[in-house]
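Shown next: model.txt, given as compact mmCIF, C-alpha atoms and all ligand atoms.
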# COMPACT_ATOMS: atom_id res chain seq x y z
CA MET A 146 27.08 144.75 166.60
CA THR A 147 27.81 145.15 162.89
CA ALA A 148 31.18 146.86 162.50
CA THR A 149 32.22 145.39 159.15
CA VAL A 150 30.13 144.69 156.06
CA ALA A 151 31.13 143.10 152.76
CA VAL A 152 29.02 144.20 149.80
CA ILE A 153 29.37 141.98 146.76
CA GLY A 154 28.46 143.60 143.44
CA ALA A 155 29.18 147.22 142.52
CA GLY A 156 26.19 147.83 140.25
CA ALA A 157 23.37 150.25 141.06
CA PHE A 158 22.25 148.27 144.12
CA GLY A 159 25.61 147.32 145.63
CA GLY A 160 27.40 150.62 144.96
CA TRP A 161 24.73 152.71 146.63
CA THR A 162 24.44 150.24 149.52
CA ALA A 163 28.17 150.38 150.15
CA LEU A 164 28.14 154.21 150.10
CA GLU A 165 25.13 154.39 152.41
CA LEU A 166 26.67 151.95 154.92
CA ARG A 167 29.96 153.82 154.82
CA ARG A 168 28.17 157.10 155.51
CA ARG A 169 26.70 155.47 158.59
CA GLY A 170 30.18 154.81 159.95
CA VAL A 171 30.64 151.15 159.02
CA ASP A 172 33.86 149.57 157.71
CA VAL A 173 32.75 148.46 154.26
CA THR A 174 34.53 146.35 151.66
CA LEU A 175 32.90 146.47 148.22
CA ILE A 176 33.85 143.67 145.84
CA ASP A 177 33.14 143.27 142.13
CA ALA A 178 34.32 140.65 139.67
CA TRP A 179 34.64 143.00 136.67
CA GLY A 180 34.26 146.54 138.01
CA PRO A 181 31.43 149.03 138.68
CA GLY A 182 29.03 149.34 135.71
CA ASN A 183 31.04 146.80 133.69
CA VAL A 184 29.85 145.74 130.25
CA ARG A 185 28.27 142.49 131.52
CA ALA A 186 26.43 144.08 134.46
CA SER A 187 22.77 145.07 134.16
CA SER A 188 23.84 148.56 135.25
CA GLY A 189 26.44 148.65 132.45
CA GLY A 190 24.36 150.50 129.81
CA GLU A 191 24.84 154.16 128.89
CA THR A 192 21.52 155.44 130.25
CA ARG A 193 18.44 154.36 132.23
CA VAL A 194 14.99 155.96 132.54
CA ILE A 195 13.79 157.42 135.82
CA ARG A 196 9.98 157.64 135.96
CA ALA A 197 7.36 157.29 138.67
CA THR A 198 4.57 156.05 136.38
CA TYR A 199 3.93 152.51 137.62
CA GLY A 200 0.22 151.67 137.15
CA THR A 201 -1.17 150.38 140.43
CA ARG A 202 2.26 149.61 141.89
CA SER A 203 2.40 152.82 143.93
CA ILE A 204 5.21 151.51 146.13
CA TYR A 205 7.56 152.12 143.18
CA SER A 206 6.11 155.59 142.47
CA ARG A 207 6.92 156.57 146.05
CA MET A 208 10.36 154.96 145.88
CA THR A 209 11.08 156.77 142.61
CA MET A 210 10.19 160.16 144.11
CA ARG A 211 12.58 159.49 146.98
CA ALA A 212 15.22 158.25 144.51
CA LEU A 213 14.81 161.40 142.43
CA GLU A 214 15.48 163.51 145.53
CA ARG A 215 18.58 161.46 146.30
CA TRP A 216 19.94 161.62 142.73
CA ARG A 217 19.40 165.39 142.72
CA ALA A 218 21.18 165.79 146.04
CA TYR A 219 24.03 163.54 144.88
CA ASP A 220 24.47 165.59 141.70
CA ALA A 221 24.39 168.84 143.65
CA GLY A 222 27.07 167.61 146.05
CA ALA A 223 29.35 165.70 143.70
CA ARG A 224 28.67 167.90 140.63
CA SER A 225 28.50 164.71 138.59
CA GLY A 226 25.65 165.55 136.19
CA LEU A 227 24.23 162.02 136.37
CA LEU A 228 20.54 162.98 136.32
CA ARG A 229 18.83 164.69 133.38
CA GLU A 230 15.23 165.75 134.04
CA THR A 231 14.03 165.85 130.44
CA GLY A 232 10.53 164.60 131.29
CA VAL A 233 9.01 161.41 129.90
CA LEU A 234 6.53 161.37 127.02
CA TRP A 235 4.13 158.40 127.21
CA MET A 236 2.28 157.41 124.03
CA PHE A 237 -0.52 154.81 124.19
CA GLY A 238 -2.24 152.82 121.46
CA SER A 239 -5.62 151.13 121.84
CA ASP A 240 -4.83 149.86 125.36
CA ALA A 241 -4.42 152.90 127.59
CA GLY A 242 -5.22 151.03 130.83
CA PHE A 243 -1.72 151.43 132.24
CA GLY A 244 -1.83 155.17 131.56
CA ARG A 245 -5.23 155.57 133.21
CA THR A 246 -4.39 153.61 136.36
CA SER A 247 -1.04 155.38 136.60
CA ALA A 248 -2.69 158.79 136.29
CA ASP A 249 -5.10 157.95 139.16
CA ALA A 250 -2.31 156.58 141.36
CA MET A 251 0.01 159.52 140.64
CA HIS A 252 -2.78 162.01 141.25
CA ALA A 253 -3.36 160.43 144.69
CA LEU A 254 0.35 160.84 145.44
CA GLY A 255 0.51 164.40 144.12
CA ILE A 256 2.96 163.50 141.32
CA PRO A 257 2.29 165.36 138.08
CA LEU A 258 1.26 163.33 135.02
CA GLU A 259 -0.51 165.50 132.46
CA PRO A 260 -2.62 164.50 129.45
CA LEU A 261 -1.56 166.07 126.13
CA THR A 262 -3.70 166.31 123.01
CA PRO A 263 -2.02 165.06 119.81
CA SER A 264 -1.92 168.62 118.46
CA ASP A 265 -0.30 169.98 121.67
CA ALA A 266 2.20 167.12 121.57
CA ALA A 267 2.97 167.72 117.88
CA ARG A 268 3.54 171.43 118.53
CA ARG A 269 5.90 170.62 121.40
CA PHE A 270 7.72 167.76 119.71
CA PRO A 271 7.59 168.30 115.93
CA GLN A 272 10.25 165.61 115.38
CA ILE A 273 7.73 162.92 116.48
CA ALA A 274 4.92 161.69 114.19
CA PHE A 275 1.78 161.37 116.34
CA ASP A 276 -0.14 159.23 113.86
CA ASP A 277 -3.46 157.44 114.40
CA THR A 278 -1.78 154.48 116.17
CA ILE A 279 -1.48 156.83 119.18
CA ARG A 280 -4.77 157.23 121.04
CA SER A 281 -3.63 159.07 124.17
CA ILE A 282 -0.55 160.88 125.42
CA LEU A 283 0.73 161.63 128.92
CA TRP A 284 3.53 163.94 129.95
CA GLU A 285 5.51 163.15 133.11
CA PRO A 286 7.56 166.27 133.88
CA ARG A 287 9.43 165.12 137.01
CA ALA A 288 11.24 162.33 135.23
CA GLY A 289 14.08 161.80 132.77
CA TYR A 290 17.16 159.65 132.61
CA LEU A 291 20.38 158.77 134.41
CA PHE A 292 23.86 158.12 133.01
CA ALA A 293 24.05 154.53 134.20
CA ARG A 294 27.54 153.05 133.93
CA ARG A 295 29.07 156.45 134.66
CA ALA A 296 26.92 156.65 137.82
CA CYS A 297 28.20 153.27 139.04
CA ALA A 298 31.82 154.37 138.62
CA ASP A 299 31.09 157.74 140.23
CA VAL A 300 29.37 156.23 143.28
CA VAL A 301 32.25 153.82 143.84
CA ALA A 302 34.78 156.66 143.50
CA ARG A 303 32.75 158.61 146.10
CA PHE A 304 32.66 155.54 148.37
CA ILE A 305 36.45 155.21 148.18
CA ALA A 306 36.92 158.95 148.77
CA GLU A 307 34.81 158.61 151.92
CA GLY A 308 36.99 155.81 153.30
CA GLY A 309 35.47 152.65 151.80
CA GLU A 310 37.60 149.81 150.46
CA TYR A 311 36.98 148.56 146.92
CA ARG A 312 38.45 145.30 145.59
CA GLN A 313 38.19 143.77 142.15
CA ALA A 314 37.70 140.10 142.95
CA ALA A 315 35.17 137.32 142.34
CA ILE A 316 33.36 135.50 145.12
CA ARG A 317 33.37 131.77 144.46
CA SER A 318 29.94 130.45 143.53
CA PRO A 319 27.78 128.60 144.36
CA LEU A 320 27.57 129.64 147.96
CA ARG A 321 25.52 127.10 149.88
CA ILE A 322 24.69 128.19 153.42
CA ALA A 323 23.23 125.37 155.51
CA SER A 324 22.88 127.44 158.66
CA GLY A 325 24.19 130.85 159.56
CA PRO A 326 25.75 133.12 160.42
CA LEU A 327 28.17 133.45 157.49
CA ARG A 328 31.68 134.42 158.65
CA GLU A 329 33.66 134.54 155.40
CA VAL A 330 33.43 133.95 151.66
CA ASP A 331 36.00 132.38 149.33
CA LEU A 332 37.52 134.30 146.43
CA GLU A 333 37.99 132.64 143.01
CA GLU A 334 41.67 133.64 143.01
CA GLY A 335 42.22 132.20 146.50
CA GLY A 336 41.87 133.77 149.92
CA THR A 337 38.76 134.82 151.80
CA ILE A 338 36.88 137.93 152.85
CA GLY A 339 35.37 138.03 156.33
CA ALA A 340 32.75 140.43 157.73
CA ASP A 341 30.03 140.73 160.36
CA ALA A 342 27.38 141.03 157.64
CA PHE A 343 27.20 140.45 153.88
CA VAL A 344 25.09 142.05 151.18
CA PHE A 345 24.95 140.21 147.86
CA ALA A 346 23.85 142.58 145.08
CA CYS A 347 24.97 140.40 142.19
CA GLY A 348 22.25 141.21 139.65
CA PRO A 349 21.71 138.39 137.12
CA TRP A 350 24.32 136.21 138.87
CA LEU A 351 22.28 135.88 142.07
CA GLY A 352 20.70 132.57 141.04
CA ARG A 353 24.11 131.06 140.34
CA LEU A 354 25.49 132.23 143.68
CA PHE A 355 22.50 130.97 145.64
CA PRO A 356 21.02 128.03 143.70
CA ASP A 357 18.67 127.14 146.56
CA ALA A 358 17.66 130.49 148.03
CA VAL A 359 17.37 132.30 144.66
CA GLY A 360 17.93 129.86 141.73
CA SER A 361 15.57 130.54 138.84
CA ARG A 362 13.61 133.14 140.79
CA VAL A 363 15.98 135.49 138.94
CA THR A 364 16.52 134.85 135.23
CA ALA A 365 18.68 136.81 132.83
CA THR A 366 16.78 137.81 129.67
CA ARG A 367 18.54 139.15 126.60
CA GLN A 368 17.71 142.79 125.81
CA GLU A 369 19.01 144.59 122.74
CA VAL A 370 19.52 148.36 122.54
CA TYR A 371 20.26 150.15 119.26
CA TYR A 372 21.83 153.50 118.48
CA PHE A 373 21.00 155.21 115.19
CA GLY A 374 23.00 158.10 113.73
CA THR A 375 21.16 161.43 113.57
CA PRO A 376 21.62 164.01 110.77
CA ALA A 377 24.80 166.12 111.13
CA GLY A 378 24.30 169.30 113.12
CA ASP A 379 20.67 168.38 113.92
CA ALA A 380 19.83 168.82 117.63
CA ARG A 381 16.17 167.77 117.40
CA PHE A 382 16.82 164.19 118.49
CA HIS A 383 19.06 165.03 121.42
CA ASP A 384 18.60 166.24 124.96
CA PRO A 385 17.28 168.93 125.64
CA GLU A 386 15.04 169.10 122.54
CA MET A 387 14.05 165.45 122.82
CA PRO A 388 12.59 163.97 126.01
CA VAL A 389 12.64 160.32 127.05
CA TRP A 390 9.78 158.67 125.11
CA ILE A 391 7.88 155.43 125.76
CA ASP A 392 5.61 154.10 123.03
CA CYS A 393 3.10 151.61 124.47
CA GLY A 394 1.65 150.06 121.33
CA GLU A 395 1.54 146.34 120.54
CA ARG A 396 5.00 146.23 122.10
CA VAL A 397 6.62 148.76 124.40
CA LEU A 398 9.43 150.63 122.64
CA TYR A 399 11.33 153.43 124.28
CA GLY A 400 14.21 155.78 123.74
CA ILE A 401 16.53 157.99 125.74
CA PRO A 402 18.15 161.11 124.26
CA GLY A 403 21.66 162.10 125.25
CA ASN A 404 23.73 158.96 125.68
CA ALA A 405 27.01 160.82 125.50
CA HIS A 406 26.64 161.31 121.73
CA ARG A 407 26.36 157.57 121.04
CA GLY A 408 23.33 158.22 118.76
CA PHE A 409 19.55 157.98 118.97
CA LYS A 410 18.76 155.18 121.39
CA ILE A 411 15.84 152.85 120.82
CA ALA A 412 14.97 149.60 122.61
CA ASP A 413 12.14 147.10 122.99
CA ASP A 414 11.06 146.41 126.56
CA THR A 415 9.65 142.93 125.75
CA SER A 416 11.55 140.23 127.65
CA GLY A 417 13.98 138.43 125.36
CA PRO A 418 15.24 134.82 125.55
CA GLU A 419 17.32 133.68 128.52
CA MET A 420 21.05 134.30 128.32
CA ASP A 421 24.18 133.65 130.35
CA PRO A 422 25.44 136.94 131.82
CA THR A 423 29.05 135.73 131.88
CA TRP A 424 29.42 133.82 128.62
CA SER A 425 26.76 134.89 126.12
CA ALA A 426 27.92 136.93 123.12
CA ARG A 427 26.55 140.43 122.97
CA ASP A 428 25.97 141.00 119.25
CA ALA A 429 22.69 142.55 118.15
CA THR A 430 20.56 140.19 116.01
CA PRO A 431 19.56 141.06 112.41
CA SER A 432 15.88 140.51 113.32
CA GLY A 433 16.09 142.92 116.27
CA ILE A 434 17.81 145.57 114.16
CA ALA A 435 15.21 145.12 111.41
CA ALA A 436 12.32 145.57 113.89
CA ALA A 437 13.82 148.78 115.27
CA ARG A 438 14.43 149.99 111.72
CA ALA A 439 10.83 149.27 110.75
CA PHE A 440 9.55 151.35 113.68
CA LEU A 441 11.76 154.41 113.07
CA PRO A 442 10.09 155.87 109.94
CA ARG A 443 6.65 155.54 111.53
CA ARG A 444 7.45 157.54 114.66
CA PHE A 445 10.55 159.53 113.64
CA PRO A 446 10.24 160.06 109.86
CA GLN A 447 13.45 162.11 109.60
CA LEU A 448 15.39 159.10 110.88
CA ALA A 449 13.98 156.68 108.30
CA ASP A 450 17.39 156.17 106.68
CA ALA A 451 19.49 156.64 109.81
CA PRO A 452 22.47 154.26 109.93
CA LEU A 453 22.91 151.91 112.88
CA VAL A 454 25.95 153.31 114.69
CA GLY A 455 26.07 151.07 117.74
CA SER A 456 24.29 148.51 119.90
CA GLU A 457 24.34 147.04 123.40
CA VAL A 458 23.10 143.69 124.61
CA CYS A 459 22.23 143.76 128.27
CA GLN A 460 20.06 141.52 130.41
CA TYR A 461 17.07 142.07 132.64
CA GLU A 462 17.59 140.18 135.91
CA ALA A 463 13.92 139.29 135.92
CA THR A 464 11.76 137.91 138.72
CA PRO A 465 8.45 136.12 137.93
CA ASP A 466 6.40 139.14 139.08
CA SER A 467 8.92 141.88 138.18
CA HIS A 468 9.12 142.94 141.81
CA LEU A 469 12.53 143.51 143.36
CA ILE A 470 14.15 141.14 145.83
CA VAL A 471 15.44 142.59 149.10
CA ASP A 472 15.51 139.95 151.81
CA ARG A 473 17.62 138.04 154.29
CA HIS A 474 19.07 134.72 153.25
CA PRO A 475 16.66 132.14 154.73
CA ALA A 476 19.54 130.28 156.46
CA ALA A 477 21.73 133.17 157.64
CA ALA A 478 20.43 136.27 159.38
CA ASN A 479 23.60 138.25 158.59
CA VAL A 480 23.31 137.72 154.82
CA TRP A 481 21.17 140.02 152.66
CA ILE A 482 20.23 139.50 149.05
CA ALA A 483 19.22 142.40 146.79
CA GLY A 484 18.37 142.33 143.10
CA GLY A 485 15.64 141.39 140.65
CA GLY A 486 15.53 144.89 139.12
CA SER A 487 13.54 143.36 136.22
CA GLY A 488 14.14 146.19 133.76
CA HIS A 489 13.23 148.99 136.19
CA GLY A 490 15.66 148.75 139.10
CA PHE A 491 18.49 151.13 138.22
CA LYS A 492 16.85 154.38 139.31
CA MET A 493 16.10 152.83 142.72
CA GLY A 494 19.78 152.45 143.63
CA PRO A 495 19.88 155.22 146.27
CA VAL A 496 16.65 153.99 147.89
CA ILE A 497 17.82 150.38 147.93
CA GLY A 498 21.01 151.61 149.59
CA GLU A 499 19.02 153.38 152.32
CA LEU A 500 16.76 150.37 152.81
CA LEU A 501 19.61 147.87 153.07
CA ALA A 502 21.60 150.08 155.42
CA SER A 503 18.65 150.20 157.80
CA CYS A 504 18.07 146.43 157.42
CA VAL A 505 21.69 145.58 158.17
CA LEU A 506 22.26 148.13 160.93
CA ASP A 507 18.85 148.78 162.54
CA GLY A 508 17.04 145.48 162.00
CA ALA A 509 14.48 147.06 159.65
CA SER A 510 12.36 144.71 157.53
CA PRO A 511 11.82 145.26 153.83
CA ASP A 512 8.31 145.25 152.36
CA PRO A 513 7.02 141.64 152.05
CA GLN A 514 6.53 142.31 148.31
CA PHE A 515 10.33 142.08 148.06
CA GLY A 516 10.56 138.81 150.02
CA LEU A 517 12.05 135.58 148.67
CA ASP A 518 9.16 133.57 150.15
CA ARG A 519 6.57 135.31 147.98
CA PHE A 520 7.07 132.67 145.28
CA ARG A 521 5.66 129.15 145.04
CA ALA A 522 7.15 126.38 142.89
CA THR A 523 5.12 125.60 139.75
CA PRO A 524 4.58 122.04 138.42
CA ALA A 525 6.70 123.00 135.39
CA GLY A 526 9.70 123.60 137.66
CA GLY A 527 9.57 127.39 137.67
CA TRP A 528 8.35 129.96 140.17
CA ALA A 529 5.18 132.01 140.39
CA PRO A 530 4.10 134.67 142.88
CA LYS A 531 1.86 133.34 145.69
CA TRP A 532 -0.28 136.44 145.32
CA SER A 533 -0.49 139.06 142.58
C1 LIG B 601 18.52 147.16 128.47
C2 LIG B 601 18.12 147.52 129.87
C3 LIG B 601 17.34 148.62 130.09
C4 LIG B 601 16.97 148.97 131.38
N1 LIG B 601 16.25 150.10 131.56
C5 LIG B 601 16.03 150.55 132.81
C6 LIG B 601 15.45 151.83 132.99
O1 LIG B 601 15.15 152.52 132.01
N2 LIG B 601 15.28 152.28 134.25
C7 LIG B 601 15.65 151.55 135.34
O2 LIG B 601 15.48 152.04 136.46
N3 LIG B 601 16.20 150.31 135.19
C8 LIG B 601 16.40 149.81 133.96
N4 LIG B 601 16.99 148.59 133.76
C9 LIG B 601 17.24 147.72 134.92
C10 LIG B 601 18.45 148.10 135.70
O3 LIG B 601 19.51 148.47 134.83
C11 LIG B 601 18.88 146.95 136.60
O4 LIG B 601 17.76 146.45 137.31
C12 LIG B 601 19.94 147.39 137.58
O5 LIG B 601 20.99 148.03 136.91
C13 LIG B 601 20.46 146.18 138.35
O6 LIG B 601 21.52 146.58 139.18
P1 LIG B 601 22.21 145.51 140.15
O7 LIG B 601 23.16 146.27 140.96
O8 LIG B 601 21.16 144.70 140.84
O9 LIG B 601 22.93 144.46 139.17
P2 LIG B 601 24.23 144.62 138.24
O10 LIG B 601 24.32 145.96 137.67
O11 LIG B 601 24.22 143.47 137.30
O12 LIG B 601 25.44 144.47 139.24
C14 LIG B 601 25.81 143.22 139.76
C15 LIG B 601 27.31 143.24 139.94
O13 LIG B 601 27.69 142.06 140.64
C16 LIG B 601 28.97 141.66 140.16
N5 LIG B 601 29.12 140.22 140.47
C17 LIG B 601 28.33 139.21 140.05
N6 LIG B 601 28.75 138.04 140.55
C18 LIG B 601 29.84 138.33 141.31
C19 LIG B 601 30.73 137.52 142.09
N7 LIG B 601 30.60 136.17 142.18
N8 LIG B 601 31.75 138.14 142.74
C20 LIG B 601 31.92 139.49 142.65
N9 LIG B 601 31.11 140.28 141.91
C21 LIG B 601 30.08 139.70 141.26
C22 LIG B 601 28.91 141.95 138.66
O14 LIG B 601 30.19 142.14 138.10
C23 LIG B 601 28.08 143.25 138.63
O15 LIG B 601 28.89 144.40 138.55
C24 LIG B 601 17.36 148.18 132.48
C25 LIG B 601 18.16 147.06 132.27
C26 LIG B 601 18.54 146.72 130.97
C27 LIG B 601 19.40 145.52 130.77

Structure re-expressed in C-alpha cells:
Amino acid sequence: MTATVAVIGAGAFGGWTALELRRRGVDVTLIDAWGPGNVRASSGGETRVIRATYGTRSIYSRMTMRALERWRAYDAGARSGLLRETGVLWMFGSDAGFGRTSADAMHALGIPLEPLTPSDAARRFPQIAFDDTIRSILWEPRAGYLFARRACADVVARFIAEGGEYRQAAIRSPLRIASGPLREVDLEEGGTIGADAFVFACGPWLGRLFPDAVGSRVTATRQEVYYFGTPAGDARFHDPEMPVWIDCGERVLYGIPGNAHRGFKIADDTSGPEMDPTWSARDATPSGIAAARAFLPRRFPQLADAPLVGSEVCQYEATPDSHLIVDRHPAAANVWIAGGGSGHGFKMGPVIGELLASCVLDGASPDPQFGLDRFRATPAGGWAPKWS
C-alpha cells in the first residue's frame, strides 16, 4: 500500500508526477534544491518546443499527442496560457531523410505534417529567406511551444493548491542503495524525509545521486541559447506571425517566437561539451554568439544587424541513445528514476507524470526502451545502447 510518496525534483518530470500522484489521492511531498524551473534546471529556460515529428521513433509521436491533449486541458482548467500552438516549420537541406521518415510515421498515426513548396512557404512567412540551401519544407500544424520555467512554477502552485506539500531542500548525494526498500533520505541541511515510495526526477543530477544505477548514463551537455533584439514595433518575428522553426541543415538550428518579449530566440541543437549543472558558469561563448550571428542574415535578412539582448546556458541531460529513462532502481522496488530528457523531454511532462503514477500505484511497467538495463558498458568506460 503506497500512501505517501516523496518526489525529488520539481522540473517538468517531477512537478507533473507530484501533481498526478496527488490527484490520485496520495500524500505527496515534492522537494527541490533550488525551486521549480530554477535557472540551473534543464526545465529552467523560457520556452520549449512541442512537436510530434520524431522520425521512426513513433513512441514519442504518440506520447506528444497525449501530452498536447494534457497541456491543452491544463491550460483550459488553470487558465495559465502555457501552450502556444503556433505550428512548427521544418526546413531541410540536402539530407531530408528525417523529414521523409517522420512524414510516413505521422501519416500512419493520423498526425498532420504537410509539405510546403518554397513559394508557398515564402508567401506565408515573408520574414524567412527560403534560399537554395533549403531543399524541402514541412509544416506541422498541431505543434508549437510551451512557456517552460513558468509552467514548472504553475504546476507546483497547482499541486500545493490541491493539497500537496512542497519543500525547498536538497537530498544528500550520492545515494547508494545496496538493497531495498528505501525508507528515508537524508537532507543536506540535516533531517530526513520518509515515504512509502520515492521518485527521483533530478534531471542532470541523476548520475551524481545514483553513481552506480545511473552514473554516466546521463551526462550534462552545455547548450547555449541566444536572444536577438527585433526592430522596434515590428511584429513579424513574434508569435503569432512567426511560428516555431527548425532548420535541419549541416547543423540543426531552431527558434521559438514569443519568449515573454525576451527577443528572437535562436539555438543550436548540437550537443555541446560536458558541464557541471551545479557549478559551471553560464556565460555564452564568443564563438557560439558568432555562429548564431553568421546564420541570422542568411535565414532572417532583416535581423542581420540585430543586437544580442540576452542568452541562456542550459544543459541537455543526455542519454547515449537520447531515449528517456523511466525505471525502478535495480536495488529498491519502491524507488523510481525518471529523466534523460536529452533535449526533447520537457513537453512530455504530463505523460511522464501519468506513467509514473501508474508505475508507483498500480505496478505498471514502463516501455523497455526507457529501462536502465538497455545500456552496455563500452571498453572506453562509457555506455552504449544494447540495441538501436
Ligand atoms: C537549451 C534546451 C532546449 C531544450 N529544448 C527542448 C524542447 O524544445 N522541447 C522539449 O520537449 N524539451 C527540450 N529540452 C529538454 C527539456 O527541457 C528537459 O529534458 C526537461 O526539462 C528535463 O526535465 P527534468 O524534470 O527531468 O529535469 P530538471 O528540469 O533539471 O529538474 C530536475 C530538478 O531536480 C532538482 N534537484 C536535483 N538534485 C536535487 C537534490 N539532490 N535534491 C533536491 N532537488 C534536486 C533540481 O533543482 C531541478 O529543479 C531542452 C533542454 C535544453 C537545455

Review point. Neighbours of segment 390-407 of chain A within 7 Å (all atoms listed in the file; same-chain residues fewer than 3 positions away dropped), as an NGL selection string?
Key: :A and (191-192 or 233-238 or 372 or 382-384 or 387 or 410-415)

Review point. By how many Å are atom CA of Ala483 of chain A and atom CA of Pro349 of chain A apart?
Key: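 Calculated distance between atom CA of Ala483 of chain A and atom CA of Pro349 of chain A is 10.8 Å.
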
Review point. Out of A:Val330, A:Ala346, A:Ala266, A:Ile322, which residue has the shortest atom-to-atom distance to ligand LIG 601 (chain B) when counting all atoms listed in the file?
Key: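 Among A:Val330, A:Ala346, A:Ala266, A:Ile322, it is A:Ala346 that comes nearest to ligand LIG 601 (chain B).
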
Revision key, fill the gap. Of A:Trp161, A:Tyr461, A:Phe515, A:Phe440, the one sitting nearest ligand LIG 601 (chain B) when using only C-alpha atoms and all ligand atoms is A:Tyr461

For the interface of chain A with ligand LIG 601 (chain B) (cut-off 6 Å, counting all atoms listed in the file), please tabulate each contacting residue of chain A alongside its nearest pair of atoms and their separation in Å to one decimal, rows sorted by chain and increasing number, as a Markdown table.
| residue | atom | partner | partner_atom | distance |
| --- | --- | --- | --- | --- |
| A:Ile153 | CA | B:LIG601 | N9 | 5.4 |
| A:Gly154 | CA | B:LIG601 | O13 | 3.3 |
| A:Ala155 | CA | B:LIG601 | O15 | 4.9 |
| A:Gly156 | CA | B:LIG601 | O7 | 3.5 |
| A:Ala157 | CA | B:LIG601 | O7 | 4.0 |
| A:Phe158 | CA | B:LIG601 | O7 | 3.8 |
| A:Gly159 | CA | B:LIG601 | O7 | 5.4 |
| A:Ile176 | CA | B:LIG601 | C20 | 5.6 |
| A:Asp177 | CA | B:LIG601 | N9 | 3.6 |
| A:Ala178 | CA | B:LIG601 | N9 | 3.9 |
| A:Trp179 | CA | B:LIG601 | O14 | 4.8 |
| A:Gly180 | CA | B:LIG601 | O15 | 5.8 |
| A:Pro181 | CA | B:LIG601 | O15 | 5.3 |
| A:Gly182 | CA | B:LIG601 | O15 | 5.7 |
| A:Asn183 | CA | B:LIG601 | O15 | 5.8 |
| A:Ala186 | CA | B:LIG601 | O11 | 3.6 |
| A:Ser187 | CA | B:LIG601 | O11 | 3.8 |
| A:Ser188 | CA | B:LIG601 | O5 | 3.3 |
| A:Arg193 | CA | B:LIG601 | O1 | 3.8 |
| A:Val194 | CA | B:LIG601 | O1 | 3.5 |
| A:Ile195 | CA | B:LIG601 | N2 | 5.6 |
| A:Ala314 | CA | B:LIG601 | C20 | 5.8 |
| A:Ala315 | CA | B:LIG601 | N8 | 3.5 |
| A:Ile316 | CA | B:LIG601 | N8 | 3.9 |
| A:Arg317 | CA | B:LIG601 | N7 | 5.7 |
| A:Ser318 | CA | B:LIG601 | N7 | 5.9 |
| A:Ala346 | CA | B:LIG601 | O8 | 5.5 |
| A:Cys347 | CA | B:LIG601 | O13 | 3.5 |
| A:Gly348 | CA | B:LIG601 | O9 | 3.4 |
| A:Pro349 | CA | B:LIG601 | O11 | 5.7 |
| A:Trp350 | CA | B:LIG601 | N6 | 5.1 |
| A:Gln368 | CA | B:LIG601 | C1 | 5.2 |
| A:Cys459 | CA | B:LIG601 | C27 | 4.2 |
| A:Gln460 | CA | B:LIG601 | C27 | 4.1 |
| A:Tyr461 | CA | B:LIG601 | C27 | 4.6 |
| A:Gly484 | CA | B:LIG601 | O8 | 4.3 |
| A:Gly486 | CA | B:LIG601 | O4 | 3.3 |
| A:Ser487 | CA | B:LIG601 | O4 | 5.3 |
| A:Gly488 | CA | B:LIG601 | C9 | 3.6 |
| A:His489 | CA | B:LIG601 | N3 | 3.4 |
| A:Gly490 | CA | B:LIG601 | O4 | 3.6 |
| A:Phe491 | CA | B:LIG601 | O2 | 3.6 |
| A:Lys492 | CA | B:LIG601 | O2 | 3.9 |

**Study point:** Selection near segment 493-504 of chain A, 9 Å with all atoms listed in the file, sequence-local residues under 2 positions removed, as an NGL selection string
**Key:** :A and (156-166 or 169 or 195 or 205 or 208-209 or 211-213 or 215-216 or 344 or 471-473 or 481 or 483 or 486 or 489-491 or 506-511)

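Counting from atom CA of Ala426 of chain A, the distance to atom CA of Val363 of chain A is 19.9 Å.
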
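In this model, the gap between atom CA of Gly189 of chain A and atom CA of Leu517 of chain A comes to 25.3 Å.
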
**Study point:** Test item: residues at most 10 Å from Phe270 of chain A, only C-alpha atoms, excluding those fewer than 2 positions along its chain, as a PyMOL selection string
**Key:** chain A and resi 234+264-268+272-275+381-382+386-388

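Each of A:Gly226, A:Gly417, A:Gly170, A:Pro385 was compared to Ala148 of chain A using all atoms listed in the file, and A:Gly170 turns out to be the nearest.
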
Check your understanding: With distances taken over only C-alpha atoms, which of A:Lys531, A:Arg444, A:Arg245, A:Arg427 is nearest to Ser281 of chain A?
Key ->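 Among A:Lys531, A:Arg444, A:Arg245, A:Arg427, it is A:Arg245 that comes nearest to Ser281 of chain A.
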
**Study point:** Selected residue of minimal separation from Ala476 of chain A among A:Trp284, A:Phe355, A:Phe304, A:Phe243, counting all atoms listed in the file
**Key:** A:Phe355

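Around Leu228 of chain A, within 8 Å and counting all atoms listed in the file, the residues found are Trp216, Arg217, Asp220, Gly289, Tyr290, Leu291 and Phe292 of chain A, once anything fewer than 3 positions away on its own chain is removed.
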
Those same residues - C-alpha atoms - I'd like them written as a tab-separated table (two decimals), keeping the file's coordinate frame.
chain	number	residue	atom	x	y	z
A	216	TRP	CA	19.94	161.62	142.73
A	217	ARG	CA	19.40	165.39	142.72
A	220	ASP	CA	24.47	165.59	141.70
A	289	GLY	CA	14.08	161.80	132.77
A	290	TYR	CA	17.16	159.65	132.61
A	291	LEU	CA	20.38	158.77	134.41
A	292	PHE	CA	23.86	158.12	133.01

Study note, to complete from the structure: With distances taken over only C-alpha atoms, the candidate from A:Arg207, A:Arg168, A:Arg295, A:His474 nearest Pro326 of chain A is A:His474

Can you tell me which residues surround Thr147 of chain A at a distance of at most 9 Å, considering only C-alpha atoms, apart from same-chain residues fewer than 6 positions away, and format the answer as a PDB file with C-alpha atoms, in the frame of the given file?
ATOM      1  CA  VAL A 171      30.640 151.150 159.020  1.00  0.00           C
ATOM      2  CA  ALA A 340      32.750 140.430 157.730  1.00  0.00           C
ATOM      3  CA  ASP A 341      30.030 140.730 160.360  1.00  0.00           C
ATOM      4  CA  ALA A 342      27.380 141.030 157.640  1.00  0.00           C
ATOM      5  CA  VAL A 505      21.690 145.580 158.170  1.00  0.00           C
ATOM      6  CA  LEU A 506      22.260 148.130 160.930  1.00  0.00           C
TER       7      LEU A 506
END
